[in-house]
Amino acid sequence: MLGVDFDAPHPQLHANRAAAFWFLLFGLFLFMLARLMNWLIRVKGTDVPKFIGVHLLALSLIGVFFMPVSGFWLIIPQAVIIIRR
């Protein structure tokens with residue numbers, strides 16, 4: 001049995017699990033960012049900094065490039081609104 005490593009990961013067997021993990025983790029991050037922006041607007045009475053909009057726009061355009069059929073398209077209008085304020 002030389003050359004067989006039972007502890008080696010099999011990336012194709014865990015691809016769906018990895019995708020679900022990153023989707024959920026990134027979703028929680030975006031939820032936290034949305035709550036922070038909501039707090040800035042409603043509680044502090046300030047606008048969201050433009051750099052947040054620029055970063056969201058860049059992130060969404062990268063996401064659209066790599067995954068055209070996805071929800072990244074929904075981030076673009078929000079990023080533009082933040083940048084234009």
# chains A, B, ... in the order shown; residues from 1 in each chain; ligands from 1
>>> residues_around(residues="Arg84 (chain A)", least_positions_apart="5", cutoff="10 Å", atoms="only C-alpha atoms", output="VMD selection string")
chain A and resid 50 53 79
>>> write_last_selection(atoms="N, CA and C atoms", output="JSON list (two decimals), in the first residue's frame")
[["chain", "number", "residue", "atom", "x", "y", "z"],
["A", 50, "LYS", "N", -17.41, 57.23, 1.49],
["A", 50, "LYS", "CA", -17.41, 56.85, 0.08],
["A", 50, "LYS", "C", -16.50, 55.66, -0.21],
["A", 53, "GLY", "N", -18.29, 52.44, -0.37],
["A", 53, "GLY", "CA", -18.96, 52.23, -1.66],
["A", 53, "GLY", "C", -17.99, 51.80, -2.74],
["A", 79, "ALA", "N", -23.69, 50.09, -3.99],
["A", 79, "ALA", "CA", -22.37, 50.73, -3.98],
["A", 79, "ALA", "C", -22.42, 52.08, -4.67]]
>>> closest_residue(among="A:Ala20, A:Ile82, A:Val64, A:Leu57", to="Met37 (chain A)", atoms="only C-alpha atoms")
A:Ile82
>>> select_by_dssp(residues="chain A", states="alpha helix (DSSP H)", output="ChimeraX atom specification")
/A:15-42,50-66,75-84
>>> atom_distance(atom1="CA of Arg17 (chain A)", atom2="CA of Leu61 (chain A)")
24.8 Å
>>> closest_residue(among="A:Arg85, A:Leu36, A:Arg42, A:Leu59", to="Trp73 (chain A)", atoms="only C-alpha atoms")
A:Leu59
>>> closest_residue(among="A:Ile52, A:Val43, A:Val80, A:Ser70", to="Leu30 (chain A)", atoms="only C-alpha atoms")
A:Ile52
>>> closest_residue(among="A:Ala19, A:Leu25, A:Ile41, A:Ala34", to="Ile75 (chain A)", atoms="only C-alpha atoms")
A:Ala34
